[in-house]
Amino acid sequence: MEKLTVQTEFMTDTAEGLSSRPKYLLSKYFYDDKGSNIFQDIMQMPEYYLTDCEQEILSLYKDEITNHFNNGSSPFDLIELGAGDGSKTKTILKHMVSQSVKFNYQPFDISKLTNNELEQSLNNELPELPVFPKTGDFFQLLKKQNGHAAIRKVILFLGSNIGNFSDDELHLFFTRLKEFTSPGDKLFIGFDLKKSPKIIRKAYDDPHGHTRKFNLNLLHRLNNELGADFNIDKFEQHTEYDPASGEVKSYLISMEEQVVYIKALKEQYELKQWEPIFMELSRKFDAESLENLAKEYDFIVEQNFTDLRNFFVDSLWIRK
Ligand SMILES: C[S@@+](CC[C@H](N)C(=O)[O-])C[C@H]1O[C@@H](n2cnc3c(N)ncnc32)[C@H](O)[C@@H]1O
């Protein structure tokens with residue numbers, strides 16, 4: 001039943017996106033099994049500095065971060081939204097387990113494969129840690145959850161996943177988080193910071209072609225799951241960074257005029273030559289915008305942890 005709802009949403013979102021001007025597809029659909037694997041390749045590229053920066057922060061400050069999370073040693077739920085392969089999170093998990101911190105780990109991810117693999121690897125590497133994975137869209141999961149559970153919550157949102165949200169999604173996300181949390185609960189969010197455009201551009205337009213493959217995989221997914229007939233070879237990937245807004249925008253551009261029929265939607269969509277499909281936003285932040293965001297949604301910034309190059313910040317917030 002749940003699978004049906006997810007598939008219906010995929011259809012509705014696709015129909016809406018391809019009927020809009022400009023056309024768009026939602027980046028949360030990148031993460032089928034193949035897309036999740038390609039994303040792991042992206043994370044391992046040297047150009048994708050975000051992984052190394054956040055790993056450095058978690059390694060350097062694991063003691064301090066643990067003390068903040070443990071706050072008086074009462075047990076807590078550690079809830080991670082969009083946990084992915086959890087490779088960076090494991091640094092903190094291992095440290096907390098070694099310090100006998102009392103917590104449950106609840107990774108949420110839209111990809112079942114990713115969740116299963118994370119659960120299995122944690123069962124092997126940290127058998128004493130209670131792990132309760134959930135699969136689905138974290139916007140839905142945040143809505144469904146009881147916001148006032150018996151024990152306190154620490155919520156992780158790493159990898160600058162937050163940068164993928166439009167203004168509306170950002171508002172919805174923090175509004176739901178505000179309802180989901182109680183005073184004293186904590187948020188630990190990874191924000192990628194503004195920096196030299198040269199460095200940012202390389203991370204999203206890489207020489208290995210992983211980002212291109214990641215974008216095109218969504219068209220493959222539409223072909224396989226919704227019976228679309230996208231001619232994948234007729235698209236090129238284009239990325240641009242606007243240093244004023246801090247927005248990286250990723251597009252697939254149709255190199256030829258084409259008409260795409262999507263069987264599951266019983267609908268055809270015309271693409272003009274050089275028409276773009278907007279695929280993903282990856283927003284970059286500055287210190288001031290973080291403060292303002294926290295204030296707007298009733299959180300206080302407790303501490304900012306940055307890497308040695310000041311490229312990335314993991315910001316620890318406490319709910320007022
Ligand atoms: C940019 S990756 C970050 C992964 C991990 N947090 C890290 O820092 O390495 C985004 C992750 O969030 C998941 N994801 C994306 N949109 C989601 C959504 N709406 N609901 C749940 N998971 C989502 C993807 O499957 C993927 O694992």
# chains A, B, ... in the order shown; residues from 1 in each chain; ligands from 1
call {"tool": "residues_around", "arguments": {"residues": "Ile200 (chain A)", "least_positions_apart": "6", "cutoff": "10 Å", "atoms": "only C-alpha atoms", "output": "ChimeraX atom specification"}}
result
/A:47-50,192-194,240-241,243,246,248,284
call {"tool": "residues_near_ligand", "arguments": {"ligand": "ligand 1", "cutoff": "9 Å", "atoms": "only C-alpha atoms and all ligand atoms", "output": "PyMOL selection string"}}
result
chain A and resi 27-32+35-36+39-40+43+50-51+54+80-89+108-112+114-115+135-141+156-164+190
call {"tool": "residues_around", "arguments": {"residues": "Glu247 (chain A)", "least_positions_apart": "4", "cutoff": "6 Å", "atoms": "only C-alpha atoms", "output": "VMD selection string"}}
result
chain A and resid 241 to 242 282 to 283
call {"tool": "residues_around", "arguments": {"residues": "His220 (chain A)", "least_positions_apart": "2", "cutoff": "12 Å", "atoms": "only C-alpha atoms", "output": "JSON list (two decimals) with N, CA, C and O atoms, in the first residue's frame"}}
result
[["chain", "number", "residue", "atom", "x", "y", "z"],
["A", 29, "TYR", "N", 13.82, 12.23, -6.10],
["A", 29, "TYR", "CA", 13.65, 11.01, -6.90],
["A", 29, "TYR", "C", 14.96, 10.50, -7.52],
["A", 29, "TYR", "O", 14.99, 9.49, -8.20],
["A", 30, "PHE", "N", 16.06, 11.24, -7.29],
["A", 30, "PHE", "CA", 17.38, 10.75, -7.74],
["A", 30, "PHE", "C", 17.72, 9.41, -7.09],
["A", 30, "PHE", "O", 18.48, 8.63, -7.64],
["A", 32, "ASP", "N", 16.94, 6.25, -6.35],
["A", 32, "ASP", "CA", 16.57, 4.83, -6.42],
["A", 32, "ASP", "C", 17.85, 4.04, -6.12],
["A", 32, "ASP", "O", 18.87, 4.65, -5.76],
["A", 34, "LYS", "N", 20.07, 2.58, -7.97],
["A", 34, "LYS", "CA", 21.22, 2.96, -8.80],
["A", 34, "LYS", "C", 21.69, 4.38, -8.44],
["A", 34, "LYS", "O", 22.89, 4.64, -8.29],
["A", 35, "GLY", "N", 20.72, 5.30, -8.29],
["A", 35, "GLY", "CA", 21.06, 6.69, -7.96],
["A", 35, "GLY", "C", 21.79, 6.77, -6.62],
["A", 35, "GLY", "O", 22.73, 7.55, -6.47],
["A", 213, "LYS", "N", 25.89, 11.43, -14.69],
["A", 213, "LYS", "CA", 25.24, 10.12, -14.60],
["A", 213, "LYS", "C", 24.10, 10.15, -13.57],
["A", 213, "LYS", "O", 23.04, 9.56, -13.77],
["A", 214, "PHE", "N", 24.35, 10.85, -12.48],
["A", 214, "PHE", "CA", 23.37, 10.96, -11.39],
["A", 214, "PHE", "C", 22.09, 11.64, -11.89],
["A", 214, "PHE", "O", 20.98, 11.19, -11.61],
["A", 215, "ASN", "N", 22.26, 12.71, -12.66],
["A", 215, "ASN", "CA", 21.10, 13.42, -13.23],
["A", 215, "ASN", "C", 20.38, 12.58, -14.27],
["A", 215, "ASN", "O", 19.15, 12.45, -14.25],
["A", 216, "LEU", "N", 21.17, 11.98, -15.18],
["A", 216, "LEU", "CA", 20.54, 11.20, -16.26],
["A", 216, "LEU", "C", 19.83, 9.96, -15.71],
["A", 216, "LEU", "O", 18.85, 9.48, -16.29],
["A", 217, "ASN", "N", 20.32, 9.47, -14.56],
["A", 217, "ASN", "CA", 19.69, 8.28, -13.98],
["A", 217, "ASN", "C", 18.20, 8.50, -13.69],
["A", 217, "ASN", "O", 17.40, 7.58, -13.73],
["A", 218, "LEU", "N", 17.84, 9.76, -13.39],
["A", 218, "LEU", "CA", 16.42, 10.02, -13.12],
["A", 218, "LEU", "C", 15.59, 9.85, -14.39],
["A", 218, "LEU", "O", 14.45, 9.37, -14.33],
["A", 222, "LEU", "N", 12.53, 7.23, -14.98],
["A", 222, "LEU", "CA", 11.21, 7.53, -15.58],
["A", 222, "LEU", "C", 10.91, 6.56, -16.71],
["A", 222, "LEU", "O", 9.77, 6.10, -16.86],
["A", 223, "ASN", "N", 11.93, 6.23, -17.50],
["A", 223, "ASN", "CA", 11.73, 5.25, -18.58],
["A", 223, "ASN", "C", 11.35, 3.89, -18.01],
["A", 223, "ASN", "O", 10.40, 3.25, -18.48],
["A", 224, "ASN", "N", 12.08, 3.45, -16.97],
["A", 224, "ASN", "CA", 11.86, 2.10, -16.44],
["A", 224, "ASN", "C", 10.58, 1.99, -15.62],
["A", 224, "ASN", "O", 9.84, 1.02, -15.73],
["A", 225, "GLU", "N", 10.34, 2.99, -14.76],
["A", 225, "GLU", "CA", 9.22, 2.84, -13.82],
["A", 225, "GLU", "C", 7.91, 3.41, -14.33],
["A", 225, "GLU", "O", 6.84, 2.94, -13.95],
["A", 226, "LEU", "N", 7.96, 4.46, -15.17],
["A", 226, "LEU", "CA", 6.70, 5.07, -15.65],
["A", 226, "LEU", "C", 6.50, 4.86, -17.14],
["A", 226, "LEU", "O", 5.58, 5.43, -17.73],
["A", 227, "GLY", "N", 7.35, 4.06, -17.75],
["A", 227, "GLY", "CA", 7.19, 3.76, -19.19],
["A", 227, "GLY", "C", 7.39, 4.99, -20.06],
["A", 227, "GLY", "O", 6.71, 5.14, -21.09],
["A", 228, "ALA", "N", 8.31, 5.88, -19.67],
["A", 228, "ALA", "CA", 8.60, 7.05, -20.51],
["A", 228, "ALA", "C", 9.57, 6.63, -21.62],
["A", 228, "ALA", "O", 10.17, 5.55, -21.56],
["A", 229, "ASP", "N", 9.66, 7.48, -22.67],
["A", 229, "ASP", "CA", 10.61, 7.14, -23.74],
["A", 229, "ASP", "C", 11.61, 8.27, -23.98],
["A", 229, "ASP", "O", 11.86, 8.66, -25.12],
["A", 230, "PHE", "N", 12.18, 8.79, -22.87],
["A", 230, "PHE", "CA", 13.23, 9.81, -22.99],
["A", 230, "PHE", "C", 14.38, 9.23, -23.80],
["A", 230, "PHE", "O", 14.83, 8.10, -23.52],
["A", 231, "ASN", "N", 14.88, 9.99, -24.76],
["A", 231, "ASN", "CA", 16.11, 9.59, -25.47],
["A", 231, "ASN", "C", 17.28, 10.19, -24.69],
["A", 231, "ASN", "O", 17.66, 11.34, -24.88],
["A", 232, "ILE", "N", 17.83, 9.36, -23.82],
["A", 232, "ILE", "CA", 18.81, 9.85, -22.82],
["A", 232, "ILE", "C", 20.04, 10.47, -23.49],
["A", 232, "ILE", "O", 20.62, 11.42, -22.98],
["A", 233, "ASP", "N", 20.42, 9.92, -24.67],
["A", 233, "ASP", "CA", 21.62, 10.42, -25.35],
["A", 233, "ASP", "C", 21.44, 11.86, -25.85],
["A", 233, "ASP", "O", 22.41, 12.50, -26.24],
["A", 235, "PHE", "N", 20.48, 14.43, -24.16],
["A", 235, "PHE", "CA", 20.50, 15.44, -23.09],
["A", 235, "PHE", "C", 21.93, 15.70, -22.67],
["A", 235, "PHE", "O", 22.74, 14.79, -22.57]]
call {"tool": "atom_distance", "arguments": {"atom1": "CA of Phe312 (chain A)", "atom2": "CA of Cys53 (chain A)"}}
result
6.2 Å
call {"tool": "select_by_dssp", "arguments": {"residues": "region 150-292 of chain A", "states": "helix (DSSP H, G or I)", "output": "PyMOL selection string"}}
result
chain A and resi 161-164+167-180+197-204+210-226+232-234+263-265+287-292
call {"tool": "residues_around", "arguments": {"residues": "Leu18 (chain A)", "least_positions_apart": "4", "cutoff": "12 Å", "atoms": "only C-alpha atoms", "output": "PyMOL selection string"}}
result
chain A and resi 11-14+22-26+219+222+259-262+265+267-271+275-279
call {"tool": "select_by_dssp", "arguments": {"residues": "region 132-216 of chain A", "states": "strand (DSSP E or B)", "output": "JSON, numbers by chain"}}
result
{"A": [134, 135, 152, 153, 154, 155, 156, 157, 186, 187, 188, 189, 190, 191, 192, 193]}
call {"tool": "write_last_selection", "arguments": {"atoms": "all heavy atoms", "output": "compact mmCIF listing (two decimals), in the first residue's frame"}}
result
# COMPACT_ATOMS: atom_id res chain seq x y z
N LYS A 134 13.85 3.82 9.27
CA LYS A 134 12.54 3.99 8.64
C LYS A 134 12.75 4.47 7.22
O LYS A 134 13.63 5.30 6.96
CB LYS A 134 11.72 5.04 9.39
CG LYS A 134 11.18 4.57 10.71
CD LYS A 134 9.88 5.30 11.04
CE LYS A 134 9.25 4.74 12.30
NZ LYS A 134 9.58 5.49 13.51
N THR A 135 11.93 3.94 6.30
CA THR A 135 12.06 4.34 4.90
C THR A 135 10.88 5.23 4.52
O THR A 135 9.74 4.92 4.85
CB THR A 135 12.07 3.08 3.99
OG1 THR A 135 13.15 2.26 4.40
CG2 THR A 135 12.26 3.45 2.54
N ARG A 152 13.93 12.88 25.04
CA ARG A 152 14.33 14.02 24.22
C ARG A 152 14.92 13.56 22.88
O ARG A 152 15.26 12.40 22.71
CB ARG A 152 15.31 14.91 24.99
CG ARG A 152 16.61 14.27 25.31
CD ARG A 152 17.38 15.05 26.37
NE ARG A 152 18.60 14.33 26.67
CZ ARG A 152 19.72 14.48 25.98
NH1 ARG A 152 19.78 15.35 25.00
NH2 ARG A 152 20.79 13.77 26.27
N LYS A 153 14.97 14.53 21.98
CA LYS A 153 15.42 14.20 20.62
C LYS A 153 16.63 15.03 20.25
O LYS A 153 16.71 16.22 20.58
CB LYS A 153 14.34 14.53 19.59
CG LYS A 153 13.02 13.84 19.77
CD LYS A 153 12.14 14.17 18.57
CE LYS A 153 10.72 13.72 18.76
NZ LYS A 153 9.92 14.65 19.55
N VAL A 154 17.53 14.36 19.51
CA VAL A 154 18.61 15.08 18.83
C VAL A 154 18.45 14.71 17.36
O VAL A 154 18.42 13.52 17.01
CB VAL A 154 19.99 14.65 19.35
CG1 VAL A 154 21.09 15.34 18.54
CG2 VAL A 154 20.14 14.97 20.84
N ILE A 155 18.31 15.73 16.51
CA ILE A 155 18.06 15.46 15.09
C ILE A 155 19.28 15.84 14.26
O ILE A 155 19.78 16.96 14.37
CB ILE A 155 16.81 16.22 14.63
CG1 ILE A 155 15.60 15.67 15.40
CG2 ILE A 155 16.58 16.08 13.13
CD1 ILE A 155 14.42 16.55 15.41
N LEU A 156 19.72 14.90 13.44
CA LEU A 156 20.87 15.15 12.56
C LEU A 156 20.37 15.35 11.14
O LEU A 156 19.49 14.62 10.67
CB LEU A 156 21.79 13.92 12.51
CG LEU A 156 22.47 13.41 13.77
CD1 LEU A 156 23.35 12.21 13.42
CD2 LEU A 156 23.30 14.51 14.38
N PHE A 157 20.94 16.35 10.48
CA PHE A 157 20.62 16.56 9.06
C PHE A 157 21.92 16.98 8.38
O PHE A 157 22.24 18.17 8.29
CB PHE A 157 19.53 17.63 8.95
CG PHE A 157 18.84 17.65 7.63
CD1 PHE A 157 18.44 16.48 7.00
CD2 PHE A 157 18.55 18.86 6.98
CE1 PHE A 157 17.79 16.50 5.77
CE2 PHE A 157 17.90 18.89 5.77
CZ PHE A 157 17.51 17.70 5.16
N LYS A 186 17.51 19.07 20.36
CA LYS A 186 18.61 19.68 19.60
C LYS A 186 18.58 19.29 18.12
O LYS A 186 18.09 18.22 17.76
CB LYS A 186 19.95 19.28 20.20
CG LYS A 186 20.07 19.78 21.62
CD LYS A 186 21.47 19.83 22.13
CE LYS A 186 21.43 20.51 23.49
NZ LYS A 186 22.70 20.68 24.12
N LEU A 187 19.13 20.19 17.32
CA LEU A 187 19.27 19.96 15.87
C LEU A 187 20.74 20.13 15.53
O LEU A 187 21.38 21.06 16.02
CB LEU A 187 18.56 21.08 15.13
CG LEU A 187 17.14 20.94 14.67
CD1 LEU A 187 16.74 22.20 13.90
CD2 LEU A 187 17.01 19.75 13.75
N PHE A 188 21.26 19.25 14.67
CA PHE A 188 22.65 19.37 14.25
C PHE A 188 22.64 19.31 12.72
O PHE A 188 22.39 18.25 12.14
CB PHE A 188 23.44 18.21 14.86
CG PHE A 188 24.93 18.30 14.69
CD1 PHE A 188 25.70 19.18 15.45
CD2 PHE A 188 25.58 17.48 13.77
CE1 PHE A 188 27.08 19.23 15.31
CE2 PHE A 188 26.97 17.54 13.62
CZ PHE A 188 27.72 18.42 14.40
N ILE A 189 22.82 20.49 12.11
CA ILE A 189 22.60 20.58 10.66
C ILE A 189 23.87 20.99 9.92
O ILE A 189 24.56 21.94 10.32
CB ILE A 189 21.54 21.66 10.33
CG1 ILE A 189 20.31 21.48 11.22
CG2 ILE A 189 21.10 21.56 8.88
CD1 ILE A 189 19.18 22.40 10.85
N GLY A 190 24.15 20.29 8.83
CA GLY A 190 25.31 20.61 8.00
C GLY A 190 24.93 21.62 6.92
O GLY A 190 24.00 21.39 6.14
N PHE A 191 25.64 22.76 6.90
CA PHE A 191 25.42 23.79 5.88
C PHE A 191 26.71 23.98 5.09
O PHE A 191 27.76 24.21 5.70
CB PHE A 191 25.08 25.14 6.52
CG PHE A 191 23.77 25.20 7.24
CD1 PHE A 191 23.70 24.90 8.59
CD2 PHE A 191 22.61 25.59 6.59
CE1 PHE A 191 22.50 24.98 9.28
CE2 PHE A 191 21.41 25.68 7.27
CZ PHE A 191 21.35 25.37 8.62
N ASP A 192 26.63 23.95 3.77
CA ASP A 192 27.80 24.26 2.97
C ASP A 192 27.87 25.79 2.84
O ASP A 192 26.86 26.45 2.59
CB ASP A 192 27.66 23.60 1.58
CG ASP A 192 28.97 23.63 0.83
OD1 ASP A 192 30.03 23.82 1.48
OD2 ASP A 192 28.95 23.45 -0.40
N LEU A 193 29.07 26.34 3.03
CA LEU A 193 29.22 27.80 3.05
C LEU A 193 29.65 28.35 1.69
O LEU A 193 30.26 27.64 0.89
CB LEU A 193 30.27 28.18 4.11
CG LEU A 193 29.88 27.81 5.55
CD1 LEU A 193 31.05 28.06 6.50
CD2 LEU A 193 28.65 28.60 6.01
call {"tool": "residues_around", "arguments": {"residues": "Lys62 (chain A)", "least_positions_apart": "6", "cutoff": "12 Å", "atoms": "only C-alpha atoms", "output": "ChimeraX atom specification"}}
result
/A:54-56,68-70,88-99,305,314
call {"tool": "write_last_selection", "arguments": {"atoms": "N, CA, C and O atoms", "output": "compact mmCIF listing (two decimals), in the first residue's frame"}}
result
# COMPACT_ATOMS: atom_id res chain seq x y z
N GLU A 54 33.02 17.72 6.24
CA GLU A 54 32.14 17.32 7.35
C GLU A 54 32.77 16.18 8.15
O GLU A 54 32.66 16.13 9.37
N GLN A 55 33.48 15.30 7.43
CA GLN A 55 34.18 14.22 8.14
C GLN A 55 35.22 14.80 9.09
O GLN A 55 35.37 14.35 10.22
N GLU A 56 35.92 15.84 8.62
CA GLU A 56 36.94 16.49 9.45
C GLU A 56 36.29 17.09 10.71
O GLU A 56 36.81 16.92 11.82
N HIS A 68 27.54 17.72 23.98
CA HIS A 68 26.32 18.51 23.69
C HIS A 68 25.11 17.58 23.55
O HIS A 68 24.04 17.87 24.07
N PHE A 69 25.28 16.49 22.81
CA PHE A 69 24.16 15.57 22.58
C PHE A 69 23.75 14.90 23.90
O PHE A 69 22.58 14.73 24.19
N ASN A 70 24.74 14.53 24.68
CA ASN A 70 24.50 13.74 25.90
C ASN A 70 23.87 14.59 27.00
O ASN A 70 23.17 14.05 27.87
N LYS A 88 29.79 9.18 7.59
CA LYS A 88 30.32 10.22 8.48
C LYS A 88 29.72 10.08 9.87
O LYS A 88 30.41 10.23 10.88
N THR A 89 28.42 9.78 9.91
CA THR A 89 27.73 9.67 11.21
C THR A 89 28.38 8.62 12.10
O THR A 89 28.40 8.74 13.32
N LYS A 90 28.93 7.57 11.45
CA LYS A 90 29.51 6.46 12.23
C LYS A 90 30.63 6.96 13.16
O LYS A 90 30.87 6.37 14.20
N THR A 91 31.32 8.04 12.76
CA THR A 91 32.38 8.58 13.62
C THR A 91 31.79 8.96 14.98
O THR A 91 32.34 8.66 16.04
N ILE A 92 30.64 9.62 14.94
CA ILE A 92 29.99 10.06 16.19
C ILE A 92 29.35 8.86 16.90
O ILE A 92 29.46 8.72 18.12
N LEU A 93 28.70 7.99 16.11
CA LEU A 93 28.03 6.84 16.72
C LEU A 93 29.05 5.99 17.50
O LEU A 93 28.81 5.61 18.65
N LYS A 94 30.19 5.72 16.87
CA LYS A 94 31.22 4.87 17.50
C LYS A 94 31.74 5.54 18.77
O LYS A 94 31.92 4.89 19.80
N HIS A 95 31.95 6.86 18.68
CA HIS A 95 32.47 7.56 19.85
C HIS A 95 31.45 7.52 20.99
O HIS A 95 31.80 7.26 22.14
N MET A 96 30.19 7.75 20.65
CA MET A 96 29.16 7.78 21.71
C MET A 96 29.01 6.40 22.35
O MET A 96 28.86 6.29 23.57
N VAL A 97 29.07 5.36 21.52
CA VAL A 97 28.95 4.00 22.07
C VAL A 97 30.15 3.71 22.99
O VAL A 97 29.99 3.17 24.09
N SER A 98 31.34 4.14 22.55
CA SER A 98 32.55 3.89 23.38
C SER A 98 32.47 4.64 24.71
O SER A 98 33.10 4.25 25.68
N GLN A 99 31.69 5.74 24.74
CA GLN A 99 31.54 6.52 25.98
C GLN A 99 30.29 6.09 26.78
O GLN A 99 29.88 6.78 27.70
N PHE A 305 30.39 24.42 14.40
CA PHE A 305 31.64 23.67 14.23
C PHE A 305 32.03 23.77 12.76
O PHE A 305 31.27 23.35 11.88
N ASP A 314 28.83 22.63 10.66
CA ASP A 314 27.78 21.84 11.32
C ASP A 314 27.30 22.69 12.48
O ASP A 314 28.06 22.99 13.41
call {"tool": "closest_residue", "arguments": {"among": "A:Glu280, A:Asp77, A:Glu125, A:Glu117", "to": "Phe165 (chain A)", "atoms": "only C-alpha atoms"}}
result
A:Glu280
call {"tool": "atom_distance", "arguments": {"atom1": "CA of Met45 (chain A)", "atom2": "CA of Ser166 (chain A)"}}
result
25.8 Å
call {"tool": "closest_residue", "arguments": {"among": "A:Phe132, A:Asp185, A:Ala264, A:Asn310", "to": "Asp286 (chain A)", "atoms": "only C-alpha atoms"}}
result
A:Asn310
call {"tool": "residues_around", "arguments": {"residues": "Glu236 (chain A)", "least_positions_apart": "4", "cutoff": "7 Å", "atoms": "only C-alpha atoms", "output": "MDAnalysis selection string"}}
result
chainID A and resid 252:255
call {"tool": "closest_residue", "arguments": {"among": "A:Gln237, A:Leu129, A:Tyr61, A:Thr211", "to": "Gln303 (chain A)", "atoms": "only C-alpha atoms"}}
result
A:Tyr61
call {"tool": "atom_distance", "arguments": {"atom1": "CA of Leu177 (chain A)", "atom2": "CA of Pro133 (chain A)"}}
result
18.7 Å
call {"tool": "closest_residue", "arguments": {"among": "A:Ile38, A:Leu281, A:Val301, A:Leu118", "to": "Asp167 (chain A)", "atoms": "only C-alpha atoms"}}
result
A:Leu281
